[in-house]
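Peer 1: After the structure tokens below, expect a handful of questions from me.
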Amino acid sequence: MRRIRTLITKEFLDLARNRTALLPVVIVTVLSLVLPFGIAVGVPAMTGHGLGEDADLLRVSVAVGSGEALSSDARIQLFLFQQFLMLFLLTPITGAMALAAHAIVGEKQARTLEPLLATPITTLELLAAKVFGALIPTLAISLAGLALYFAGILAFALPGVAAAMASARTLMLVVLVAPAAALVSLQSAILISSRANDPRTAQQFGVLIIIPLAGVLVAQFTGSLWLSAAALGLLGLGLLGVWLLLTLLSVAVFDREAILTRWR
Amino acid sequence: MIAATRLTRRFGSRTVVNDITFAVSRSEIVALLGPNGAGKTTTLRMLAGLIAPTSGSVAIDGVQLTKAAGTSLRRRIGFLTEAPGLWDRLTVRENLRIYAGLYDLAHAEQTIDRALEMFELTDCRSARAAELSKGMRQKVALARALLHDPAILLLDEPSSGLDPEVMRMVRRLLEERRAAGCSILVSTHNLDEAERLADRVAVLHERLLAIDRPSALRQRLTTGRLIVRVSGDPSSYIETVRALGPGFTDPAIEGAALILRVADLDRQAPALVAALVAGGARILEVRAEIPALEDVYLHLVGETSEVRSLKSDVQVR
């Protein structure tokens with residue numbers, strides 16, 4: 001564990017001196033904050049038309065069946081805030097992808113990998129440090145964004161929306177699904193980073209995780225898919241299982257020799 | 001002690017290291033010499049457990065270096081890689097601190113302080129690695145390789161980028177490590193450094209061409225020529241040399257010296273001196289013509305290159 005902690009410390013120090021690397025995470029987080037409040041609070045206030053006047057939105061929000069006791073406007077607002085919560089899933093993925101993709105191939109290109117591999121560090125320790133070194137800071141920014149999101153809901157949302165948001169479903173999404181999805185995505189990028197000889201290749205592949213997540217997001221918006229708290233719990237556990245499998249696969253395919261002797 | 005036995009490494013159809021066997025004992029420095037592409041770095045990487053040999057084995061203090069044993073055996077090895085490999089955005093101290101953590105050093109901060117002092121890096125401990133000169137980076141990399149007090153040191157081109165003053169300091173340091181019982185293998189192009197530093201020199205060119213003490217290697221190329229400087233005109237002693245018999249051949253004058261060739265230096269040189277003194281010569285100097293290590297190296301490597309060239313010619317035909 002000490003070696004993992006040590007290498008994570010190195011990743012943090014490196015990031016602290018290269019803050020622009022975290023800029024994409026901050027941008028996605030800010031967008032994830034601006035968009036929902038702009039749509040659910042700003043647009044009705046500016047146009048003078050309540051959200052409940054949109055028949056399609058009302059139909060979809062009724063179909064997903066949450067916030068039955070709320071007014072039409074509040075019900076749609078709740079629906080929108082719940083949907084946009086999914087955007088926070090994407091924050092650590094998009095933001096940390098460049099970091100993870102760069103993890104192994106970047107060390108190789110900087111010629112820092114060989115002395116590192118000459119230490120007693122195991123492959124599992126090295127890869128774990130790389131994953132958590134990218135995940136922790138991006139997750140921290142994402143959680144800070146979430147805290148602002150909920151603070152904004154408390155401050156600006158219609159009565160009853162904040163209370164309805166505090167649900168087991170939200171908890172599952174924030175505590176389990178978001179970190180698990182990020183882990184799967186980052187581990188994929190690191191797996192590819194240890195096989196590719198160009199960080200761009202790793203990044204391209206790693207971002208593919210966004211496709212199923214975007215699919216879920218769109219399906220939820222159209223009301224054709226509504227994941228309950230239990231379903232989200234299962235999804236989160238499933239993602240953690242996939243992450244464990246990917247970790248084992250990453251260790252199995254990590255070829256020190258090929259990295260040292262064939263990459264240029 | 002680190003021992004390589006019949007170590008061979010191929011990359012595809014290309015053999016980079018071919019059947020080499022040697023050992024570096026405790027308290028010994030061996031210099032690994034060879035031209036570019038001779039397999040020095042590959043050999044060091046195999047010895048450090050970074051890449052596996054295609055055949056043959058490496059043993060550290062009698063324990064076979066396998067994939068399973070590699071993690072624990074790497075604790076005993078300090079490896080200076082060809083490139084310093086410092087994290088540019090981290091300071092000198094932070095670079096060392098991370099490695100102290102990776103080696104689980106108990107008193108990391110004190111050890112780092114000592115290393116900084118030893119390499120005269122204390123003043124730049126807070127400088128980022130990116131800001132350092134090539135020589136300074138090499139010093140930090142050396143400090144890093146020695147940080148965990150390894151029993152075995154593998155150094156790939158340690159003098160690269162170092163000025164003579166720093167190189168002298170490094171040499172002193174390696175001598176101290178040798179005195180402390182460390183087994184040290186140094187890959188270098190610098191023949192002078194090899195001669196000054198190493199107890200033995202190994203010449204590698206895919207195969208191990210020779211391994212011996214520098215003086216013994218030079219002896220191999222000894223021409224048997226004796227150079228005698230006498231007071232006055234040396235040409236007057238040519239007849240004295242000829243009178244010594246058929247074992248003393250080709251007497252000639254080169255500049256102010258009398259040159260001749262003998263078959264057995266140890267036996268014939270005293271006889272020559274005795275004859276010259278008896279003939280009235282006042283001898284200023286008698287020395288055997290010993291080739292420089294560079295000549296030996298070029299001779300050994302040149303021979304191999306010629307053989308290779310012939311082989312490839314035959315293959316082409």
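Chain lettering (A, B, ...) mirrors the order of the structure tokens, residue numbering begins at 1 for each chain separately, and ligand numbering begins at 1 in order of display.
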Which chain B residues have any atom within 7 Å of an atom of chain A, and for each, what is the nearest pair of atoms with distance in Å to one decimal, counting only C-alpha atoms, rows sorted by chain and number, as JSON lines?
Peer 2:
```
{"residue": "B:Ala48", "atom": "CA", "partner": "A:Ala118", "partner_atom": "CA", "distance": 6.8}
{"residue": "B:Leu50", "atom": "CA", "partner": "A:Ala118", "partner_atom": "CA", "distance": 6.5}
{"residue": "B:Ile51", "atom": "CA", "partner": "A:Glu257", "partner_atom": "CA", "distance": 5.2}
{"residue": "B:Thr71", "atom": "CA", "partner": "A:Pro120", "partner_atom": "CA", "distance": 4.7}
{"residue": "B:Ser72", "atom": "CA", "partner": "A:Pro120", "partner_atom": "CA", "distance": 6.2}
{"residue": "B:Arg74", "atom": "CA", "partner": "A:Pro120", "partner_atom": "CA", "distance": 5.4}
{"residue": "B:Arg75", "atom": "CA", "partner": "A:Pro120", "partner_atom": "CA", "distance": 5.8}
{"residue": "B:Phe79", "atom": "CA", "partner": "A:Ala118", "partner_atom": "CA", "distance": 6.7}
{"residue": "B:Thr81", "atom": "CA", "partner": "A:Pro115", "partner_atom": "CA", "distance": 6.3}
{"residue": "B:Ala83", "atom": "CA", "partner": "A:Arg111", "partner_atom": "CA", "distance": 6.7}
{"residue": "B:Gly85", "atom": "CA", "partner": "A:Thr112", "partner_atom": "CA", "distance": 4.0}
{"residue": "B:Leu86", "atom": "CA", "partner": "A:Thr112", "partner_atom": "CA", "distance": 5.9}
{"residue": "B:Trp87", "atom": "CA", "partner": "A:Thr112", "partner_atom": "CA", "distance": 6.7}
{"residue": "B:Arg89", "atom": "CA", "partner": "A:Asp14", "partner_atom": "CA", "distance": 5.9}
{"residue": "B:Leu90", "atom": "CA", "partner": "A:Asp14", "partner_atom": "CA", "distance": 6.5}
{"residue": "B:Ile98", "atom": "CA", "partner": "A:Thr6", "partner_atom": "CA", "distance": 6.0}
{"residue": "B:Gly101", "atom": "CA", "partner": "A:Thr6", "partner_atom": "CA", "distance": 5.7}
{"residue": "B:Leu102", "atom": "CA", "partner": "A:Arg3", "partner_atom": "CA", "distance": 5.0}
{"residue": "B:Tyr103", "atom": "CA", "partner": "A:Pro120", "partner_atom": "CA", "distance": 6.8}
```
Peer 1: Take the residues that were just selected and, keeping N, CA and C atoms, output them as a PDB file, in the first residue's frame.
Peer 2:
```pdb
ATOM      1  N   ALA B  48      19.253  -6.400 -14.140  1.00  0.00           N
ATOM      2  CA  ALA B  48      18.366  -5.668 -13.229  1.00  0.00           C
ATOM      3  C   ALA B  48      16.979  -6.309 -13.143  1.00  0.00           C
ATOM      4  N   LEU B  50      14.777  -6.362 -15.513  1.00  0.00           N
ATOM      5  CA  LEU B  50      13.772  -5.599 -16.267  1.00  0.00           C
ATOM      6  C   LEU B  50      13.322  -6.346 -17.513  1.00  0.00           C
ATOM      7  N   ILE B  51      14.234  -7.085 -18.095  1.00  0.00           N
ATOM      8  CA  ILE B  51      13.834  -7.937 -19.217  1.00  0.00           C
ATOM      9  C   ILE B  51      14.422  -9.332 -18.973  1.00  0.00           C
ATOM     10  N   THR B  71      10.751  -8.909  -7.796  1.00  0.00           N
ATOM     11  CA  THR B  71      10.326  -7.777  -6.978  1.00  0.00           C
ATOM     12  C   THR B  71      11.212  -7.630  -5.740  1.00  0.00           C
ATOM     13  N   SER B  72      11.464  -8.750  -5.053  1.00  0.00           N
ATOM     14  CA  SER B  72      12.275  -8.639  -3.827  1.00  0.00           C
ATOM     15  C   SER B  72      13.758  -8.455  -4.156  1.00  0.00           C
ATOM     16  N   ARG B  74      14.999  -6.852  -6.632  1.00  0.00           N
ATOM     17  CA  ARG B  74      15.260  -5.488  -7.113  1.00  0.00           C
ATOM     18  C   ARG B  74      15.576  -4.519  -5.973  1.00  0.00           C
ATOM     19  N   ARG B  75      15.180  -4.894  -4.743  1.00  0.00           N
ATOM     20  CA  ARG B  75      15.539  -4.070  -3.578  1.00  0.00           C
ATOM     21  C   ARG B  75      17.053  -4.004  -3.394  1.00  0.00           C
ATOM     22  N   PHE B  79      19.991   0.798  -9.914  1.00  0.00           N
ATOM     23  CA  PHE B  79      20.159   0.811 -11.368  1.00  0.00           C
ATOM     24  C   PHE B  79      20.134   2.243 -11.882  1.00  0.00           C
ATOM     25  N   THR B  81      19.847   4.212 -15.054  1.00  0.00           N
ATOM     26  CA  THR B  81      19.452   3.949 -16.433  1.00  0.00           C
ATOM     27  C   THR B  81      20.196   4.899 -17.380  1.00  0.00           C
ATOM     28  N   ALA B  83      19.133   7.052 -19.508  1.00  0.00           N
ATOM     29  CA  ALA B  83      18.639   8.441 -19.360  1.00  0.00           C
ATOM     30  C   ALA B  83      18.338   8.655 -17.880  1.00  0.00           C
ATOM     31  N   GLY B  85      15.939  10.061 -16.362  1.00  0.00           N
ATOM     32  CA  GLY B  85      14.554   9.692 -16.062  1.00  0.00           C
ATOM     33  C   GLY B  85      13.992  10.343 -14.815  1.00  0.00           C
ATOM     34  N   LEU B  86      14.197  11.656 -14.688  1.00  0.00           N
ATOM     35  CA  LEU B  86      13.642  12.367 -13.529  1.00  0.00           C
ATOM     36  C   LEU B  86      12.276  12.925 -13.904  1.00  0.00           C
ATOM     37  N   TRP B  87      11.435  13.058 -12.919  1.00  0.00           N
ATOM     38  CA  TRP B  87      10.137  13.707 -13.157  1.00  0.00           C
ATOM     39  C   TRP B  87      10.388  15.204 -13.177  1.00  0.00           C
ATOM     40  N   ARG B  89       8.631  17.957 -13.374  1.00  0.00           N
ATOM     41  CA  ARG B  89       7.889  18.962 -12.597  1.00  0.00           C
ATOM     42  C   ARG B  89       8.144  18.831 -11.103  1.00  0.00           C
ATOM     43  N   LEU B  90       8.782  17.756 -10.703  1.00  0.00           N
ATOM     44  CA  LEU B  90       9.076  17.570  -9.280  1.00  0.00           C
ATOM     45  C   LEU B  90      10.452  18.136  -8.969  1.00  0.00           C
ATOM     46  N   ILE B  98      10.154  10.332  -3.547  1.00  0.00           N
ATOM     47  CA  ILE B  98       9.267   9.316  -4.132  1.00  0.00           C
ATOM     48  C   ILE B  98      10.004   7.964  -4.188  1.00  0.00           C
ATOM     49  N   GLY B 101      10.276   6.354  -0.889  1.00  0.00           N
ATOM     50  CA  GLY B 101       9.008   5.699  -0.552  1.00  0.00           C
ATOM     51  C   GLY B 101       8.862   4.371  -1.278  1.00  0.00           C
ATOM     52  N   LEU B 102       9.271   4.332  -2.536  1.00  0.00           N
ATOM     53  CA  LEU B 102       9.139   3.093  -3.312  1.00  0.00           C
ATOM     54  C   LEU B 102      10.054   1.994  -2.759  1.00  0.00           C
ATOM     55  N   TYR B 103      11.162   2.407  -2.131  1.00  0.00           N
ATOM     56  CA  TYR B 103      12.071   1.426  -1.526  1.00  0.00           C
ATOM     57  C   TYR B 103      11.784   1.226  -0.040  1.00  0.00           C
TER      58      TYR B 103
END
```
Peer 1: Please give the complete set of residues from segment 140-276 of chain B that DSSP, run on the backbone, assigns to strand (DSSP E or B), formatted as a count of residues only.
Peer 2: 42
Peer 1: Please, which residues in segment 3-71 of chain A fall within 10 Å of segment 158-162 of chain A when counting only C-alpha atoms, and what is the closest atom pair and distance in Å to one decimal for each, ordered by chain then residue number, as a tab-separated table?
Peer 2:
```
residue	atom	partner	partner_atom	distance
A:Ala40	CA	A:Leu158	CA	9.8
A:Val41	CA	A:Leu158	CA	8.7
A:Gly67	CA	A:Val161	CA	7.9
A:Ala69	CA	A:Gly160	CA	8.7
A:Leu70	CA	A:Gly160	CA	6.7
A:Ser71	CA	A:Gly160	CA	9.0
```
Peer 1: Would you work out the distance separating atom CA of Gln64 of chain B from atom CA of Val24 of chain B, expressed in Å to one decimal?
Peer 2: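 Answer for the atom CA of Gln64 of chain B to atom CA of Val24 of chain B separation: 15.0 Å.
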Peer 1: Using only C-alpha atoms, find the one residue out of B:Leu147, B:Gly135, B:Asn95, B:Thr222 that sits nearest to Thr111 of chain B.
Peer 2: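 Nearest to Thr111 of chain B: B:Leu147.
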Peer 1: Which residues, written as a VMD selection string, have at least one atom at most 10 Å from Phe150 of chain A, with only C-alpha atoms counted and residues fewer than 3 positions away on the same chain left out?
Peer 2: chain A and resid 33 81 85 145 to 147 153 to 157 162 165 to 166
Peer 1: Find the distance between atom CA of Leu204 of chain B and atom CA of Ala38 of chain B and write it in Å to one decimal.
Peer 2: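 Result for atom CA of Leu204 of chain B versus atom CA of Ala38 of chain B: 6.1 Å, one decimal.
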Peer 1: Give me the residues near Leu237 of chain A as an mmCIF file with N, CA and C atoms, in the first residue's frame, where near means some atom within 8 Å (using only C-alpha atoms) and where sequence neighbours in that chain fewer than 3 positions away do not count.
Peer 2:
```cif
data_model
loop_
_atom_site.group_PDB
_atom_site.id
_atom_site.type_symbol
_atom_site.label_atom_id
_atom_site.label_comp_id
_atom_site.auth_asym_id
_atom_site.auth_seq_id
_atom_site.Cartn_x
_atom_site.Cartn_y
_atom_site.Cartn_z
ATOM 1 N N LEU A 176 -22.068 5.529 -5.868
ATOM 2 C CA LEU A 176 -21.656 4.249 -6.445
ATOM 3 C C LEU A 176 -21.427 4.320 -7.967
ATOM 4 N N VAL A 177 -22.438 4.753 -8.686
ATOM 5 C CA VAL A 177 -22.360 4.640 -10.154
ATOM 6 C C VAL A 177 -21.281 5.563 -10.732
ATOM 7 N N ALA A 180 -17.761 4.281 -9.956
ATOM 8 C CA ALA A 180 -17.539 2.989 -10.625
ATOM 9 C C ALA A 180 -17.366 3.181 -12.128
ATOM 10 N N GLY A 233 -28.060 0.619 -8.286
ATOM 11 C CA GLY A 233 -27.175 -0.135 -7.384
ATOM 12 C C GLY A 233 -26.555 -1.312 -8.111
ATOM 13 N N LEU A 234 -27.400 -2.026 -8.846
ATOM 14 C CA LEU A 234 -26.898 -3.187 -9.607
ATOM 15 C C LEU A 234 -25.922 -2.740 -10.690
ATOM 16 N N LEU A 240 -18.324 -2.038 -10.977
ATOM 17 C CA LEU A 240 -17.174 -2.366 -10.110
ATOM 18 C C LEU A 240 -16.583 -3.728 -10.489
ATOM 19 N N GLY A 241 -17.487 -4.659 -10.819
ATOM 20 C CA GLY A 241 -17.021 -5.985 -11.265
ATOM 21 C C GLY A 241 -16.206 -5.871 -12.544
#
```
Peer 1: If you run DSSP on the backbone, which residues of segment 60-249 of chain B are helix (DSSP H, G or I), as a PyMOL selection string?
Peer 2: chain B and resi 67-76+92-102+108-118+122-124+129-131+134-146+164-179+191-197+214-220+234-243
Peer 1: Write the residues of the preceding selection, restricted to C-alpha atoms, as a PDB file, in the first residue's frame.
Peer 2:
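Result file out_12.pdb:
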```
ATOM      1  CA  LYS B  67       9.827 -13.031 -12.497  1.00  0.00           C
ATOM      2  CA  ALA B  68       8.550 -14.142  -9.093  1.00  0.00           C
ATOM      3  CA  ALA B  69      11.754 -13.294  -7.239  1.00  0.00           C
ATOM      4  CA  GLY B  70      12.323 -10.108  -9.221  1.00  0.00           C
ATOM      5  CA  THR B  71      10.326  -7.777  -6.978  1.00  0.00           C
ATOM      6  CA  SER B  72      12.275  -8.639  -3.827  1.00  0.00           C
ATOM      7  CA  LEU B  73      15.643  -8.938  -5.574  1.00  0.00           C
ATOM      8  CA  ARG B  74      15.260  -5.488  -7.113  1.00  0.00           C
ATOM      9  CA  ARG B  75      15.539  -4.070  -3.578  1.00  0.00           C
ATOM     10  CA  ARG B  76      19.185  -5.132  -3.615  1.00  0.00           C
ATOM     11  CA  VAL B  92      15.186  17.245  -6.752  1.00  0.00           C
ATOM     12  CA  ARG B  93      14.125  16.429  -3.208  1.00  0.00           C
ATOM     13  CA  GLU B  94      10.661  15.287  -4.294  1.00  0.00           C
ATOM     14  CA  ASN B  95      12.166  13.012  -6.937  1.00  0.00           C
ATOM     15  CA  LEU B  96      14.341  11.384  -4.288  1.00  0.00           C
ATOM     16  CA  ARG B  97      11.501  11.274  -1.760  1.00  0.00           C
ATOM     17  CA  ILE B  98       9.267   9.316  -4.132  1.00  0.00           C
ATOM     18  CA  TYR B  99      12.010   6.742  -4.678  1.00  0.00           C
ATOM     19  CA  ALA B 100      12.685   6.571  -0.930  1.00  0.00           C
ATOM     20  CA  GLY B 101       9.008   5.699  -0.552  1.00  0.00           C
ATOM     21  CA  LEU B 102       9.139   3.093  -3.312  1.00  0.00           C
ATOM     22  CA  ALA B 108      13.852   8.658   4.319  1.00  0.00           C
ATOM     23  CA  GLU B 109      14.449  12.329   5.062  1.00  0.00           C
ATOM     24  CA  GLN B 110      17.846  11.765   6.692  1.00  0.00           C
ATOM     25  CA  THR B 111      18.859   9.438   3.868  1.00  0.00           C
ATOM     26  CA  ILE B 112      17.827  12.033   1.280  1.00  0.00           C
ATOM     27  CA  ASP B 113      19.758  14.745   3.151  1.00  0.00           C
ATOM     28  CA  ARG B 114      22.857  12.544   3.113  1.00  0.00           C
ATOM     29  CA  ALA B 115      22.480  11.797  -0.588  1.00  0.00           C
ATOM     30  CA  LEU B 116      22.014  15.487  -1.404  1.00  0.00           C
ATOM     31  CA  GLU B 117      25.101  16.336   0.589  1.00  0.00           C
ATOM     32  CA  MET B 118      27.149  13.517  -0.909  1.00  0.00           C
ATOM     33  CA  THR B 122      21.822  20.493  -1.265  1.00  0.00           C
ATOM     34  CA  ASP B 123      21.684  23.941  -2.823  1.00  0.00           C
ATOM     35  CA  CYS B 124      19.448  22.814  -5.645  1.00  0.00           C
ATOM     36  CA  ALA B 129      14.352  18.660 -12.311  1.00  0.00           C
ATOM     37  CA  ALA B 130      13.481  20.431 -15.573  1.00  0.00           C
ATOM     38  CA  GLU B 131      15.642  23.363 -14.513  1.00  0.00           C
ATOM     39  CA  LYS B 134      22.504  17.582 -17.890  1.00  0.00           C
ATOM     40  CA  GLY B 135      25.290  16.934 -15.402  1.00  0.00           C
ATOM     41  CA  MET B 136      23.107  17.862 -12.441  1.00  0.00           C
ATOM     42  CA  ARG B 137      20.357  15.576 -13.664  1.00  0.00           C
ATOM     43  CA  GLN B 138      22.864  12.764 -13.907  1.00  0.00           C
ATOM     44  CA  LYS B 139      23.987  13.451 -10.347  1.00  0.00           C
ATOM     45  CA  VAL B 140      20.402  13.295  -9.092  1.00  0.00           C
ATOM     46  CA  ALA B 141      19.909  10.026 -10.976  1.00  0.00           C
ATOM     47  CA  LEU B 142      23.069   8.644  -9.369  1.00  0.00           C
ATOM     48  CA  ALA B 143      21.891   9.776  -5.930  1.00  0.00           C
ATOM     49  CA  ARG B 144      18.605   8.027  -6.624  1.00  0.00           C
ATOM     50  CA  ALA B 145      20.355   4.784  -7.624  1.00  0.00           C
ATOM     51  CA  LEU B 146      22.359   4.805  -4.389  1.00  0.00           C
ATOM     52  CA  PRO B 164      35.888  15.838 -14.887  1.00  0.00           C
ATOM     53  CA  GLU B 165      35.559  17.236 -11.369  1.00  0.00           C
ATOM     54  CA  VAL B 166      32.194  15.588 -10.788  1.00  0.00           C
ATOM     55  CA  MET B 167      33.420  12.420 -12.462  1.00  0.00           C
ATOM     56  CA  ARG B 168      36.270  12.288  -9.997  1.00  0.00           C
ATOM     57  CA  MET B 169      33.771  12.667  -7.168  1.00  0.00           C
ATOM     58  CA  VAL B 170      31.656   9.855  -8.607  1.00  0.00           C
ATOM     59  CA  ARG B 171      34.738   7.688  -8.949  1.00  0.00           C
ATOM     60  CA  ARG B 172      35.609   8.293  -5.302  1.00  0.00           C
ATOM     61  CA  LEU B 173      32.085   7.463  -4.318  1.00  0.00           C
ATOM     62  CA  LEU B 174      32.098   4.215  -6.264  1.00  0.00           C
ATOM     63  CA  GLU B 175      35.399   3.298  -4.669  1.00  0.00           C
ATOM     64  CA  GLU B 176      33.802   3.864  -1.279  1.00  0.00           C
ATOM     65  CA  ARG B 177      30.873   1.670  -2.275  1.00  0.00           C
ATOM     66  CA  ARG B 178      33.307  -0.991  -3.427  1.00  0.00           C
ATOM     67  CA  ALA B 179      35.121  -0.805  -0.079  1.00  0.00           C
ATOM     68  CA  LEU B 191      38.178   3.814 -21.594  1.00  0.00           C
ATOM     69  CA  ASP B 192      40.129   6.100 -19.323  1.00  0.00           C
ATOM     70  CA  GLU B 193      37.345   5.941 -16.773  1.00  0.00           C
ATOM     71  CA  ALA B 194      37.220   2.147 -17.100  1.00  0.00           C
ATOM     72  CA  GLU B 195      40.927   1.844 -16.537  1.00  0.00           C
ATOM     73  CA  ARG B 196      40.973   4.158 -13.554  1.00  0.00           C
ATOM     74  CA  LEU B 197      37.919   2.716 -11.895  1.00  0.00           C
ATOM     75  CA  PRO B 214      43.072  -3.830 -17.509  1.00  0.00           C
ATOM     76  CA  SER B 215      46.789  -4.556 -17.176  1.00  0.00           C
ATOM     77  CA  ALA B 216      46.285  -8.192 -18.159  1.00  0.00           C
ATOM     78  CA  LEU B 217      44.252  -7.126 -21.192  1.00  0.00           C
ATOM     79  CA  ARG B 218      46.988  -4.750 -22.265  1.00  0.00           C
ATOM     80  CA  GLN B 219      49.523  -7.511 -21.801  1.00  0.00           C
ATOM     81  CA  ARG B 220      47.669  -9.521 -24.415  1.00  0.00           C
ATOM     82  CA  PRO B 234      72.287   4.905 -28.461  1.00  0.00           C
ATOM     83  CA  SER B 235      73.541   3.695 -31.856  1.00  0.00           C
ATOM     84  CA  SER B 236      76.858   2.713 -30.293  1.00  0.00           C
ATOM     85  CA  TYR B 237      75.076  -0.077 -28.389  1.00  0.00           C
ATOM     86  CA  ILE B 238      73.422  -1.782 -31.376  1.00  0.00           C
ATOM     87  CA  GLU B 239      76.314  -4.198 -31.686  1.00  0.00           C
ATOM     88  CA  THR B 240      76.060  -5.025 -27.971  1.00  0.00           C
ATOM     89  CA  VAL B 241      72.454  -6.011 -28.550  1.00  0.00           C
ATOM     90  CA  ARG B 242      73.259  -8.080 -31.632  1.00  0.00           C
ATOM     91  CA  ALA B 243      75.941  -9.899 -29.640  1.00  0.00           C
TER      92      ALA B 243
END
```
Peer 1: One decimal, Å: what's the distance from atom CA of Gly280 of chain B over to atom CA of Gly232 of chain B, could you say?
Peer 2: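 Distance between the two atoms: 10.9 Å.
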Peer 1: So which residues touch Gln204 of chain A within 10 Å, counting only C-alpha atoms, skipping near sequence neighbours fewer than 6 positions away, as a VMD selection string?
Peer 2: chain A and resid 97 to 98 101 189 192
